[in-house]
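Text of model.pdb, listed as PDB, C-alpha atoms, pLDDT in the B column:
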ATOM      1  CA  MET A  25     119.495 172.893 160.572  1.00 60.00           C
ATOM      2  CA  ARG A  26     119.409 174.243 157.056  1.00 83.00           C
ATOM      3  CA  GLY A  27     121.602 172.044 154.879  1.00 93.00           C
ATOM      4  CA  LEU A  28     123.386 168.819 155.654  1.00 97.00           C
ATOM      5  CA  GLY A  29     126.416 170.297 157.359  1.00 97.00           C
ATOM      6  CA  ARG A  30     128.039 173.336 158.920  1.00 97.00           C
ATOM      7  CA  GLN A  31     131.578 174.367 158.072  1.00 98.00           C
ATOM      8  CA  LEU A  32     133.428 176.910 160.195  1.00 98.00           C
ATOM      9  CA  VAL A  33     136.268 178.521 158.241  1.00 98.00           C
ATOM     10  CA  VAL A  34     138.558 180.010 160.868  1.00 98.00           C
ATOM     11  CA  GLU A  35     141.490 182.380 160.359  1.00 98.00           C
ATOM     12  CA  MET A  36     143.753 182.910 163.374  1.00 98.00           C
ATOM     13  CA  TRP A  37     146.377 185.657 163.251  1.00 98.00           C
ATOM     14  CA  ASP A  38     148.976 187.012 165.656  1.00 98.00           C
ATOM     15  CA  CYS A  39     149.087 183.773 167.589  1.00 98.00           C
ATOM     16  CA  ALA A  40     150.810 184.494 170.912  1.00 97.00           C
ATOM     17  CA  ARG A  41     151.611 180.842 171.428  1.00 97.00           C
ATOM     18  CA  ARG A  42     153.658 178.822 168.979  1.00 96.00           C
ATOM     19  CA  VAL A  43     153.027 175.071 169.084  1.00 97.00           C
ATOM     20  CA  ASP A  44     155.358 172.867 167.067  1.00 95.00           C
ATOM     21  CA  ASP A  45     155.214 169.619 169.044  1.00 97.00           C
ATOM     22  CA  PRO A  46     153.193 167.117 166.961  1.00 97.00           C
ATOM     23  CA  SER A  47     152.011 165.247 170.063  1.00 98.00           C
ATOM     24  CA  ARG A  48     150.548 168.457 171.548  1.00 98.00           C
ATOM     25  CA  LEU A  49     148.888 169.279 168.230  1.00 98.00           C
ATOM     26  CA  ARG A  50     147.450 165.772 168.022  1.00 98.00           C
ATOM     27  CA  ALA A  51     146.157 165.977 171.592  1.00 98.00           C
ATOM     28  CA  ALA A  52     144.465 169.293 170.781  1.00 98.00           C
ATOM     29  CA  LEU A  53     142.864 167.840 167.674  1.00 98.00           C
ATOM     30  CA  GLU A  54     141.540 164.876 169.647  1.00 98.00           C
ATOM     31  CA  GLU A  55     140.303 167.208 172.392  1.00 98.00           C
ATOM     32  CA  ALA A  56     138.545 169.350 169.762  1.00 98.00           C
ATOM     33  CA  VAL A  57     136.739 166.263 168.456  1.00 98.00           C
ATOM     34  CA  ARG A  58     135.649 165.307 171.989  1.00 98.00           C
ATOM     35  CA  ARG A  59     134.581 168.842 172.885  1.00 98.00           C
ATOM     36  CA  ALA A  60     132.464 169.108 169.721  1.00 98.00           C
ATOM     37  CA  GLY A  61     130.771 165.846 170.613  1.00 98.00           C
ATOM     38  CA  ALA A  62     131.982 164.212 167.402  1.00 98.00           C
ATOM     39  CA  THR A  63     133.233 160.688 166.726  1.00 98.00           C
ATOM     40  CA  LEU A  64     136.855 160.287 165.637  1.00 98.00           C
ATOM     41  CA  ILE A  65     137.658 157.870 162.826  1.00 98.00           C
ATOM     42  CA  ASP A  66     141.242 158.785 162.031  1.00 97.00           C
ATOM     43  CA  VAL A  67     143.731 161.496 162.993  1.00 97.00           C
ATOM     44  CA  GLN A  68     146.928 162.563 161.255  1.00 97.00           C
ATOM     45  CA  VAL A  69     149.400 165.263 162.284  1.00 98.00           C
ATOM     46  CA  HIS A  70     152.400 166.090 160.128  1.00 98.00           C
ATOM     47  CA  PRO A  71     155.203 168.535 161.047  1.00 98.00           C
ATOM     48  CA  PHE A  72     156.959 170.368 158.224  1.00 97.00           C
ATOM     49  CA  ASN A  73     160.606 171.324 157.912  1.00 95.00           C
ATOM     50  CA  PRO A  74     161.733 173.998 158.825  1.00 95.00           C
ATOM     51  CA  HIS A  75     158.413 174.940 160.499  1.00 95.00           C
ATOM     52  CA  GLY A  76     154.666 174.554 160.386  1.00 97.00           C
ATOM     53  CA  ALA A  77     152.388 171.588 160.780  1.00 98.00           C
ATOM     54  CA  SER A  78     149.159 170.194 159.369  1.00 98.00           C
ATOM     55  CA  GLY A  79     146.585 168.020 161.024  1.00 98.00           C
ATOM     56  CA  MET A  80     143.365 166.357 159.987  1.00 98.00           C
ATOM     57  CA  ALA A  81     140.736 164.463 161.922  1.00 98.00           C
ATOM     58  CA  LEU A  82     138.326 162.363 159.910  1.00 98.00           C
ATOM     59  CA  LEU A  83     135.026 162.229 161.781  1.00 98.00           C
ATOM     60  CA  ALA A  84     131.839 160.227 161.552  1.00 97.00           C
ATOM     61  CA  GLU A  85     130.376 163.755 161.136  1.00 97.00           C
ATOM     62  CA  SER A  86     132.860 165.038 158.447  1.00 98.00           C
ATOM     63  CA  HIS A  87     136.247 166.549 159.424  1.00 98.00           C
ATOM     64  CA  ILE A  88     138.488 169.012 161.245  1.00 98.00           C
ATOM     65  CA  SER A  89     141.697 170.308 159.654  1.00 98.00           C
ATOM     66  CA  PHE A  90     144.380 172.805 160.578  1.00 98.00           C
ATOM     67  CA  HIS A  91     147.480 174.186 158.912  1.00 98.00           C
ATOM     68  CA  THR A  92     149.966 176.366 160.806  1.00 98.00           C
ATOM     69  CA  TRP A  93     152.440 179.003 159.632  1.00 98.00           C
ATOM     70  CA  PRO A  94     154.212 179.725 162.964  1.00 97.00           C
ATOM     71  CA  GLU A  95     156.696 182.071 161.268  1.00 96.00           C
ATOM     72  CA  LEU A  96     153.710 184.290 160.378  1.00 97.00           C
ATOM     73  CA  GLY A  97     151.669 183.674 163.541  1.00 98.00           C
ATOM     74  CA  TYR A  98     148.872 182.292 161.353  1.00 98.00           C
ATOM     75  CA  VAL A  99     146.681 179.179 161.616  1.00 98.00           C
ATOM     76  CA  ALA A 100     144.000 178.087 159.127  1.00 98.00           C
ATOM     77  CA  LEU A 101     141.341 175.933 160.785  1.00 98.00           C
ATOM     78  CA  ASP A 102     138.279 174.229 159.289  1.00 98.00           C
ATOM     79  CA  VAL A 103     135.601 172.458 161.289  1.00 98.00           C
ATOM     80  CA  PHE A 104     133.023 170.728 159.089  1.00 98.00           C
ATOM     81  CA  THR A 105     130.304 168.809 160.917  1.00 98.00           C
ATOM     82  CA  CYS A 106     126.977 167.305 159.989  1.00 97.00           C
ATOM     83  CA  GLY A 107     124.151 166.379 162.304  1.00 93.00           C
ATOM     84  CA  GLU A 108     122.269 168.310 164.934  1.00 91.00           C
ATOM     85  CA  ARG A 109     124.066 167.034 168.009  1.00 94.00           C
ATOM     86  CA  VAL A 110     127.569 168.191 167.157  1.00 97.00           C
ATOM     87  CA  GLU A 111     128.841 171.652 168.146  1.00 98.00           C
ATOM     88  CA  PRO A 112     131.677 172.777 165.850  1.00 98.00           C
ATOM     89  CA  GLU A 113     132.128 176.033 167.821  1.00 98.00           C
ATOM     90  CA  ARG A 114     133.424 173.971 170.748  1.00 98.00           C
ATOM     91  CA  ALA A 115     136.214 172.601 168.566  1.00 98.00           C
ATOM     92  CA  VAL A 116     137.240 176.138 167.613  1.00 98.00           C
ATOM     93  CA  GLU A 117     137.577 177.037 171.312  1.00 98.00           C
ATOM     94  CA  VAL A 118     140.223 174.343 171.773  1.00 98.00           C
ATOM     95  CA  PHE A 119     142.408 175.852 169.057  1.00 98.00           C
ATOM     96  CA  ARG A 120     141.886 179.408 170.333  1.00 98.00           C
ATOM     97  CA  ASP A 121     143.097 178.226 173.733  1.00 98.00           C
ATOM     98  CA  LEU A 122     146.045 176.419 172.148  1.00 98.00           C
ATOM     99  CA  PHE A 123     147.375 179.200 169.921  1.00 98.00           C
ATOM    100  CA  SER A 124     146.075 182.351 171.676  1.00 98.00           C
ATOM    101  CA  PRO A 125     145.480 184.339 168.492  1.00 98.00           C
ATOM    102  CA  ARG A 126     144.957 188.097 168.889  1.00 98.00           C
ATOM    103  CA  GLN A 127     142.780 188.178 165.799  1.00 98.00           C
ATOM    104  CA  VAL A 128     140.246 185.529 164.820  1.00 98.00           C
ATOM    105  CA  SER A 129     137.674 185.438 162.055  1.00 98.00           C
ATOM    106  CA  VAL A 130     135.072 182.702 161.816  1.00 98.00           C
ATOM    107  CA  VAL A 131     132.945 182.372 158.692  1.00 98.00           C
ATOM    108  CA  GLU A 132     130.233 179.737 158.633  1.00 97.00           C
ATOM    109  CA  ILE A 133     129.332 177.990 155.401  1.00 97.00           C
ATOM    110  CA  ARG A 134     126.219 175.844 155.201  1.00 97.00           C
ATOM    111  CA  ARG A 135     126.967 172.756 153.140  1.00 98.00           C
ATOM    112  CA  GLY A 136     124.505 170.530 151.356  1.00 98.00           C
ATOM    113  CA  ILE A 137     121.691 172.990 150.693  1.00 97.00           C
ATOM    114  CA  ARG A 138     119.962 171.610 147.622  1.00 93.00           C
ATOM    115  CA  PRO A 139     119.990 174.282 144.871  1.00 88.00           C
TER     116      PRO A 139
ATOM    117  CA  MET B  30     148.582 185.037 144.723  1.00 60.00           C
ATOM    118  CA  ARG B  31     146.748 187.099 147.325  1.00 82.00           C
ATOM    119  CA  GLY B  32     146.858 185.237 150.633  1.00 93.00           C
ATOM    120  CA  LEU B  33     148.699 182.095 151.601  1.00 97.00           C
ATOM    121  CA  GLY B  34     146.248 179.594 150.197  1.00 97.00           C
ATOM    122  CA  ARG B  35     143.251 178.977 147.954  1.00 97.00           C
ATOM    123  CA  GLN B  36     140.322 176.864 149.113  1.00 98.00           C
ATOM    124  CA  LEU B  37     137.742 175.633 146.628  1.00 98.00           C
ATOM    125  CA  VAL B  38     134.464 174.776 148.374  1.00 98.00           C
ATOM    126  CA  VAL B  39     132.602 172.520 145.957  1.00 98.00           C
ATOM    127  CA  GLU B  40     128.992 171.352 146.136  1.00 98.00           C
ATOM    128  CA  MET B  41     128.012 168.548 143.748  1.00 98.00           C
ATOM    129  CA  TRP B  42     124.345 167.645 143.371  1.00 98.00           C
ATOM    130  CA  ASP B  43     122.398 165.166 141.252  1.00 98.00           C
ATOM    131  CA  CYS B  44     125.404 162.923 140.845  1.00 98.00           C
ATOM    132  CA  ALA B  45     124.644 160.529 137.975  1.00 97.00           C
ATOM    133  CA  ARG B  46     127.300 158.101 139.148  1.00 97.00           C
ATOM    134  CA  ARG B  47     127.292 156.535 142.575  1.00 96.00           C
ATOM    135  CA  VAL B  48     130.701 155.390 143.810  1.00 97.00           C
ATOM    136  CA  ASP B  49     130.806 153.326 146.990  1.00 95.00           C
ATOM    137  CA  ASP B  50     133.976 151.297 146.466  1.00 97.00           C
ATOM    138  CA  PRO B  51     136.621 152.681 148.857  1.00 97.00           C
ATOM    139  CA  SER B  52     139.466 151.624 146.567  1.00 98.00           C
ATOM    140  CA  ARG B  53     137.967 153.601 143.660  1.00 98.00           C
ATOM    141  CA  LEU B  54     137.455 156.604 145.928  1.00 98.00           C
ATOM    142  CA  ARG B  55     141.023 156.371 147.164  1.00 98.00           C
ATOM    143  CA  ALA B  56     142.360 156.103 143.611  1.00 98.00           C
ATOM    144  CA  ALA B  57     140.371 159.225 142.650  1.00 98.00           C
ATOM    145  CA  LEU B  58     141.716 161.120 145.632  1.00 98.00           C
ATOM    146  CA  GLU B  59     145.279 160.143 144.740  1.00 98.00           C
ATOM    147  CA  GLU B  60     144.670 161.079 141.097  1.00 98.00           C
ATOM    148  CA  ALA B  61     143.275 164.448 142.207  1.00 98.00           C
ATOM    149  CA  VAL B  62     146.456 165.116 144.186  1.00 98.00           C
ATOM    150  CA  ARG B  63     148.605 164.190 141.176  1.00 98.00           C
ATOM    151  CA  ARG B  64     146.508 166.240 138.755  1.00 98.00           C
ATOM    152  CA  ALA B  65     146.723 169.314 141.003  1.00 98.00           C
ATOM    153  CA  GLY B  66     150.490 168.959 141.091  1.00 98.00           C
ATOM    154  CA  ALA B  67     150.449 168.522 144.866  1.00 98.00           C
ATOM    155  CA  THR B  68     152.491 166.265 147.137  1.00 98.00           C
ATOM    156  CA  LEU B  69     150.640 163.567 149.069  1.00 98.00           C
ATOM    157  CA  ILE B  70     151.541 162.990 152.721  1.00 98.00           C
ATOM    158  CA  ASP B  71     148.675 160.773 153.860  1.00 97.00           C
ATOM    159  CA  VAL B  72     145.364 159.533 152.487  1.00 97.00           C
ATOM    160  CA  GLN B  73     142.376 158.074 154.328  1.00 97.00           C
ATOM    161  CA  VAL B  74     139.084 156.807 152.919  1.00 98.00           C
ATOM    162  CA  HIS B  75     136.325 155.572 155.189  1.00 98.00           C
ATOM    163  CA  PRO B  76     133.041 153.986 154.035  1.00 98.00           C
ATOM    164  CA  PHE B  77     129.980 154.448 156.226  1.00 97.00           C
ATOM    165  CA  ASN B  78     127.188 152.011 156.956  1.00 95.00           C
ATOM    166  CA  PRO B  79     124.612 151.878 155.329  1.00 95.00           C
ATOM    167  CA  HIS B  80     125.979 154.331 152.731  1.00 95.00           C
ATOM    168  CA  GLY B  81     128.284 157.262 152.133  1.00 97.00           C
ATOM    169  CA  ALA B  82     132.010 157.695 152.437  1.00 98.00           C
ATOM    170  CA  SER B  83     134.553 160.275 153.523  1.00 98.00           C
ATOM    171  CA  GLY B  84     138.078 160.783 152.307  1.00 98.00           C
ATOM    172  CA  MET B  85     140.932 163.075 153.183  1.00 98.00           C
ATOM    173  CA  ALA B  86     144.314 163.661 151.609  1.00 98.00           C
ATOM    174  CA  LEU B  87     146.852 165.511 153.704  1.00 98.00           C
ATOM    175  CA  LEU B  88     149.168 167.403 151.343  1.00 98.00           C
ATOM    176  CA  ALA B  89     152.453 169.232 151.626  1.00 97.00           C
ATOM    177  CA  GLU B  90     150.286 172.104 150.275  1.00 97.00           C
ATOM    178  CA  SER B  91     147.316 171.695 152.729  1.00 98.00           C
ATOM    179  CA  HIS B  92     144.477 169.200 152.009  1.00 98.00           C
ATOM    180  CA  ILE B  93     141.676 167.714 149.925  1.00 98.00           C
ATOM    181  CA  SER B  94     138.540 166.279 151.561  1.00 98.00           C
ATOM    182  CA  PHE B  95     135.281 164.805 150.343  1.00 98.00           C
ATOM    183  CA  HIS B  96     132.108 163.541 151.998  1.00 98.00           C
ATOM    184  CA  THR B  97     129.425 161.703 150.001  1.00 98.00           C
ATOM    185  CA  TRP B  98     125.684 161.279 150.545  1.00 98.00           C
ATOM    186  CA  PRO B  99     124.896 158.842 147.707  1.00 97.00           C
ATOM    187  CA  GLU B 100     121.273 158.500 148.855  1.00 96.00           C
ATOM    188  CA  LEU B 101     120.889 162.228 148.103  1.00 97.00           C
ATOM    189  CA  GLY B 102     123.182 162.382 145.076  1.00 98.00           C
ATOM    190  CA  TYR B 103     125.326 164.908 146.937  1.00 98.00           C
ATOM    191  CA  VAL B 104     129.087 165.259 147.435  1.00 98.00           C
ATOM    192  CA  ALA B 105     130.859 167.948 149.495  1.00 98.00           C
ATOM    193  CA  LEU B 106     134.414 168.538 148.255  1.00 98.00           C
ATOM    194  CA  ASP B 107     137.106 170.893 149.578  1.00 98.00           C
ATOM    195  CA  VAL B 108     140.430 171.517 147.892  1.00 98.00           C
ATOM    196  CA  PHE B 109     142.734 173.734 149.950  1.00 98.00           C
ATOM    197  CA  THR B 110     146.159 174.416 148.462  1.00 98.00           C
ATOM    198  CA  CYS B 111     148.980 176.824 149.131  1.00 97.00           C
ATOM    199  CA  GLY B 112     151.772 177.802 146.798  1.00 93.00           C
ATOM    200  CA  GLU B 113     151.815 179.127 143.256  1.00 91.00           C
ATOM    201  CA  ARG B 114     152.578 175.909 141.433  1.00 94.00           C
ATOM    202  CA  VAL B 115     149.523 173.902 142.529  1.00 97.00           C
ATOM    203  CA  GLU B 116     146.242 173.983 140.563  1.00 98.00           C
ATOM    204  CA  PRO B 117     143.296 173.055 142.821  1.00 98.00           C
ATOM    205  CA  GLU B 118     140.851 173.302 139.876  1.00 98.00           C
ATOM    206  CA  ARG B 119     142.485 170.221 138.367  1.00 98.00           C
ATOM    207  CA  ALA B 120     141.617 168.213 141.470  1.00 98.00           C
ATOM    208  CA  VAL B 121     137.972 169.275 141.162  1.00 98.00           C
ATOM    209  CA  GLU B 122     137.887 167.937 137.584  1.00 98.00           C
ATOM    210  CA  VAL B 123     138.768 164.444 138.824  1.00 98.00           C
ATOM    211  CA  PHE B 124     135.746 164.374 141.151  1.00 98.00           C
ATOM    212  CA  ARG B 125     133.435 165.825 138.492  1.00 98.00           C
ATOM    213  CA  ASP B 126     134.507 162.997 136.196  1.00 98.00           C
ATOM    214  CA  LEU B 127     134.038 160.453 138.984  1.00 98.00           C
ATOM    215  CA  PHE B 128     130.548 161.430 140.190  1.00 98.00           C
ATOM    216  CA  SER B 129     129.085 163.153 137.084  1.00 98.00           C
ATOM    217  CA  PRO B 130     127.078 165.746 139.022  1.00 98.00           C
ATOM    218  CA  ARG B 131     124.423 167.633 137.048  1.00 98.00           C
ATOM    219  CA  GLN B 132     124.815 170.646 139.305  1.00 98.00           C
ATOM    220  CA  VAL B 133     128.107 171.958 140.655  1.00 98.00           C
ATOM    221  CA  SER B 134     128.947 175.092 142.569  1.00 98.00           C
ATOM    222  CA  VAL B 135     132.512 176.146 143.281  1.00 98.00           C
ATOM    223  CA  VAL B 136     133.222 178.961 145.716  1.00 97.00           C
ATOM    224  CA  GLU B 137     136.809 180.057 146.193  1.00 97.00           C
ATOM    225  CA  ILE B 138     137.992 181.311 149.559  1.00 97.00           C
ATOM    226  CA  ARG B 139     141.349 182.999 149.872  1.00 97.00           C
ATOM    227  CA  ARG B 140     143.006 181.871 153.083  1.00 98.00           C
ATOM    228  CA  GLY B 141     145.720 183.612 155.006  1.00 98.00           C
ATOM    229  CA  ILE B 142     145.113 187.222 154.001  1.00 97.00           C
ATOM    230  CA  ARG B 143     146.482 189.264 156.887  1.00 93.00           C
ATOM    231  CA  PRO B 144     143.683 191.451 158.275  1.00 88.00           C
TER     232      PRO B 144
END
Show the structure stored in the file as structure tokens.
Amino acid sequence: MRGLGRQLVVEMWDCARRVDDPSRLRAALEEAVRRAGATLIDVQVHPFNPHGASGMALLAESHISFHTWPELGYVALDVFTCGERVEPERAVEVFRDLFSPRQVSVVEIRRGIRP
Amino acid sequence: MRGLGRQLVVEMWDCARRVDDPSRLRAALEEAVRRAGATLIDVQVHPFNPHGASGMALLAESHISFHTWPELGYVALDVFTCGERVEPERAVEVFRDLFSPRQVSVVEIRRGIRP
């Protein structure tokens, strides 16, 4: 792996499924951590009023975060992992399954490449 | 603002100051939130054994995260904010002051631009 970490910057648009329930969002976040083969340290999910939610999982291998704008059908997801054994793409799959976006872009950033 | 949010992806290398104390890291994270004009929802700082630490602040306006590799003099920082009133650059300043990196790169990603 070139660099210390891989960060997937994921934009999900036209989400066919709206998920507001914090316990479902938390379960998805925990499932994403498991699926990626990462180790969970802490997880937080916070619903906003009148809509939207944010969640963050602190990992032994960096972090996963999401922020939802259900009124726009948009979700911003980041999966930042370090180490060779972790597969951040697997975490993205969990959120694709959860929200069913019609449009997805994934940009990978390599972190920790010494200049 | 074009898009729903701004994400500053910050790479800090050759950090002259090593900070391991979780309470100092937490205070910096909280100060970064204040300085950016953001609203803190939750903050987590986790030290790793034998070295390094991760921290995340969940904000009403998205999130701030950092991951440190003190043995390499490297810190990965992300500041993701939405809304017009928040200044993510101000949060970056707090971490520059904390770690004194000799090399810094900041790449801005606009999030939530409808394709």
Please check which residues have atoms at most 7 Å from (144.0, 178.2, 147.9) in the file's coordinates, counting all atoms listed in the file, and write them as a PyMOL selection string.
-> chain B and resi 34-37+109-111+138-140
Which residues would end up in the selection if the PyMOL selection byres ((chain B) within 7 of (chain A)) were applied here, given that I need the answer as an mmCIF file with C-alpha atoms, in the coordinates of the input?
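Output file part_24.cif is given in full below:
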data_model
loop_
_atom_site.group_PDB
_atom_site.id
_atom_site.type_symbol
_atom_site.label_atom_id
_atom_site.label_comp_id
_atom_site.auth_asym_id
_atom_site.auth_seq_id
_atom_site.Cartn_x
_atom_site.Cartn_y
_atom_site.Cartn_z
ATOM 1 C CA GLU B 40 128.992 171.352 146.136
ATOM 2 C CA SER B 91 147.316 171.695 152.729
ATOM 3 C CA HIS B 96 132.108 163.541 151.998
ATOM 4 C CA GLY B 141 145.720 183.612 155.006
#
To test the calculation: enclose all listed atoms of stretch 111-115 of chain B in a box whose edges run along x, y and z, add 3 Å on each side, then state centre and edge lengths in Å to one decimal, as JSON.
{"center_x": 150.8, "center_y": 176.5, "center_z": 145.3, "size_x": 9.6, "size_y": 11.2, "size_z": 13.7}
In Å, with one decimal, what is the gap from atom CA of B:Asn78 to atom CA of A:Ala62?
->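 Here the two named atoms are 16.8 Å from each other.
A straight line drawn from atom CA of B:Phe128 to atom CA of A:Gly27 is 20.2 Å long.
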Atom CA of A:Phe119 to atom CA of A:Glu55: how many Å, to one decimal?
->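 Distance reported for this atom pair: 9.5 Å.
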Carefully work through the PyMOL selection byres ((chain A and resi 56) around 8) for this structure and note down the residues it includes, as a PyMOL selection string.
-> chain A and resi 52-55+57-60+114-119
Keeping C-alpha atoms for every residue in the selection just given, could you write it to a file as an mmCIF file, in the coordinates of the input?
data_model
loop_
_atom_site.group_PDB
_atom_site.id
_atom_site.type_symbol
_atom_site.label_atom_id
_atom_site.label_comp_id
_atom_site.auth_asym_id
_atom_site.auth_seq_id
_atom_site.Cartn_x
_atom_site.Cartn_y
_atom_site.Cartn_z
ATOM 1 C CA ALA A 52 144.465 169.293 170.781
ATOM 2 C CA LEU A 53 142.864 167.840 167.674
ATOM 3 C CA GLU A 54 141.540 164.876 169.647
ATOM 4 C CA GLU A 55 140.303 167.208 172.392
ATOM 5 C CA VAL A 57 136.739 166.263 168.456
ATOM 6 C CA ARG A 58 135.649 165.307 171.989
ATOM 7 C CA ARG A 59 134.581 168.842 172.885
ATOM 8 C CA ALA A 60 132.464 169.108 169.721
ATOM 9 C CA ARG A 114 133.424 173.971 170.748
ATOM 10 C CA ALA A 115 136.214 172.601 168.566
ATOM 11 C CA VAL A 116 137.240 176.138 167.613
ATOM 12 C CA GLU A 117 137.577 177.037 171.312
ATOM 13 C CA VAL A 118 140.223 174.343 171.773
ATOM 14 C CA PHE A 119 142.408 175.852 169.057
#
Selected residue, from B:Asp50, B:Ala56, B:Gly102, B:Gly81, that lies nearest to B:Ser129 when counting all atoms listed in the file | B:Gly102
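This file, filtered with the PyMOL selection byres ((chain A and resi 40) around 6), gives the residues A:Cys39, A:Arg41, A:Ser124, A:Pro125.
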Restricting the calculation to all atoms listed in the file, which member of A:His75, A:Arg48, A:Arg109, A:Arg26 is positioned closest to A:Pro94?
->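 Under the stated criterion, the closest residue is A:His75.
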Nearest candidate to B:Glu100 (options B:Ser52, B:Glu137, B:Pro79, B:Leu127; using all atoms listed in the file) =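 When distances to B:Glu100 are compared using all atoms listed in the file, the smallest one comes from B:Pro79.
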Fix up stretch 64-70 of chain A with all heavy atoms, then write it as a JSON list (two decimals), in the frame of the given file.
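Result file is rebuild_31.json:
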[["chain", "number", "residue", "atom", "x", "y", "z"],
["A", 64, "LEU", "N", 135.60, 160.32, 166.39],
["A", 64, "LEU", "CA", 136.85, 160.29, 165.64],
["A", 64, "LEU", "C", 137.01, 158.97, 164.89],
["A", 64, "LEU", "O", 136.83, 157.89, 165.47],
["A", 64, "LEU", "CB", 138.03, 160.46, 166.61],
["A", 64, "LEU", "CG", 139.42, 160.56, 166.00],
["A", 64, "LEU", "CD1", 139.55, 161.81, 165.14],
["A", 64, "LEU", "CD2", 140.48, 160.56, 167.10],
["A", 65, "ILE", "N", 137.37, 159.07, 163.62],
["A", 65, "ILE", "CA", 137.66, 157.87, 162.83],
["A", 65, "ILE", "C", 139.15, 157.73, 162.61],
["A", 65, "ILE", "O", 139.71, 156.65, 162.74],
["A", 65, "ILE", "CB", 136.92, 157.93, 161.47],
["A", 65, "ILE", "CG1", 135.41, 157.77, 161.71],
["A", 65, "ILE", "CG2", 137.42, 156.85, 160.53],
["A", 65, "ILE", "CD1", 134.58, 158.01, 160.48],
["A", 66, "ASP", "N", 139.80, 158.84, 162.27],
["A", 66, "ASP", "CA", 141.24, 158.78, 162.03],
["A", 66, "ASP", "C", 141.83, 160.16, 162.29],
["A", 66, "ASP", "O", 141.17, 161.18, 162.04],
["A", 66, "ASP", "CB", 141.53, 158.37, 160.58],
["A", 66, "ASP", "CG", 143.01, 158.20, 160.33],
["A", 66, "ASP", "OD1", 143.58, 157.17, 160.73],
["A", 66, "ASP", "OD2", 143.64, 159.13, 159.76],
["A", 67, "VAL", "N", 143.06, 160.20, 162.77],
["A", 67, "VAL", "CA", 143.73, 161.50, 162.99],
["A", 67, "VAL", "C", 145.16, 161.41, 162.47],
["A", 67, "VAL", "O", 145.83, 160.39, 162.63],
["A", 67, "VAL", "CB", 143.67, 161.89, 164.49],
["A", 67, "VAL", "CG1", 144.36, 160.87, 165.37],
["A", 67, "VAL", "CG2", 144.25, 163.28, 164.73],
["A", 68, "GLN", "N", 145.57, 162.48, 161.80],
["A", 68, "GLN", "CA", 146.93, 162.56, 161.26],
["A", 68, "GLN", "C", 147.48, 163.94, 161.58],
["A", 68, "GLN", "O", 146.78, 164.95, 161.38],
["A", 68, "GLN", "CB", 146.91, 162.43, 159.72],
["A", 68, "GLN", "CG", 146.40, 161.11, 159.20],
["A", 68, "GLN", "CD", 147.38, 159.97, 159.46],
["A", 68, "GLN", "OE1", 148.59, 160.21, 159.54],
["A", 68, "GLN", "NE2", 146.85, 158.77, 159.61],
["A", 69, "VAL", "N", 148.71, 163.98, 162.09],
["A", 69, "VAL", "CA", 149.40, 165.26, 162.28],
["A", 69, "VAL", "C", 150.77, 165.14, 161.63],
["A", 69, "VAL", "O", 151.47, 164.14, 161.82],
["A", 69, "VAL", "CB", 149.53, 165.62, 163.78],
["A", 69, "VAL", "CG1", 150.43, 166.85, 163.96],
["A", 69, "VAL", "CG2", 148.16, 165.89, 164.38],
["A", 70, "HIS", "N", 151.14, 166.14, 160.85],
["A", 70, "HIS", "CA", 152.40, 166.09, 160.13],
["A", 70, "HIS", "C", 153.16, 167.39, 160.32],
["A", 70, "HIS", "O", 152.67, 168.46, 159.95],
["A", 70, "HIS", "CB", 152.13, 165.86, 158.64],
["A", 70, "HIS", "CG", 153.38, 165.74, 157.84],
["A", 70, "HIS", "ND1", 154.08, 164.54, 157.72],
["A", 70, "HIS", "CD2", 154.09, 166.65, 157.13],
["A", 70, "HIS", "CE1", 155.14, 164.73, 156.97],
["A", 70, "HIS", "NE2", 155.17, 165.99, 156.60]]
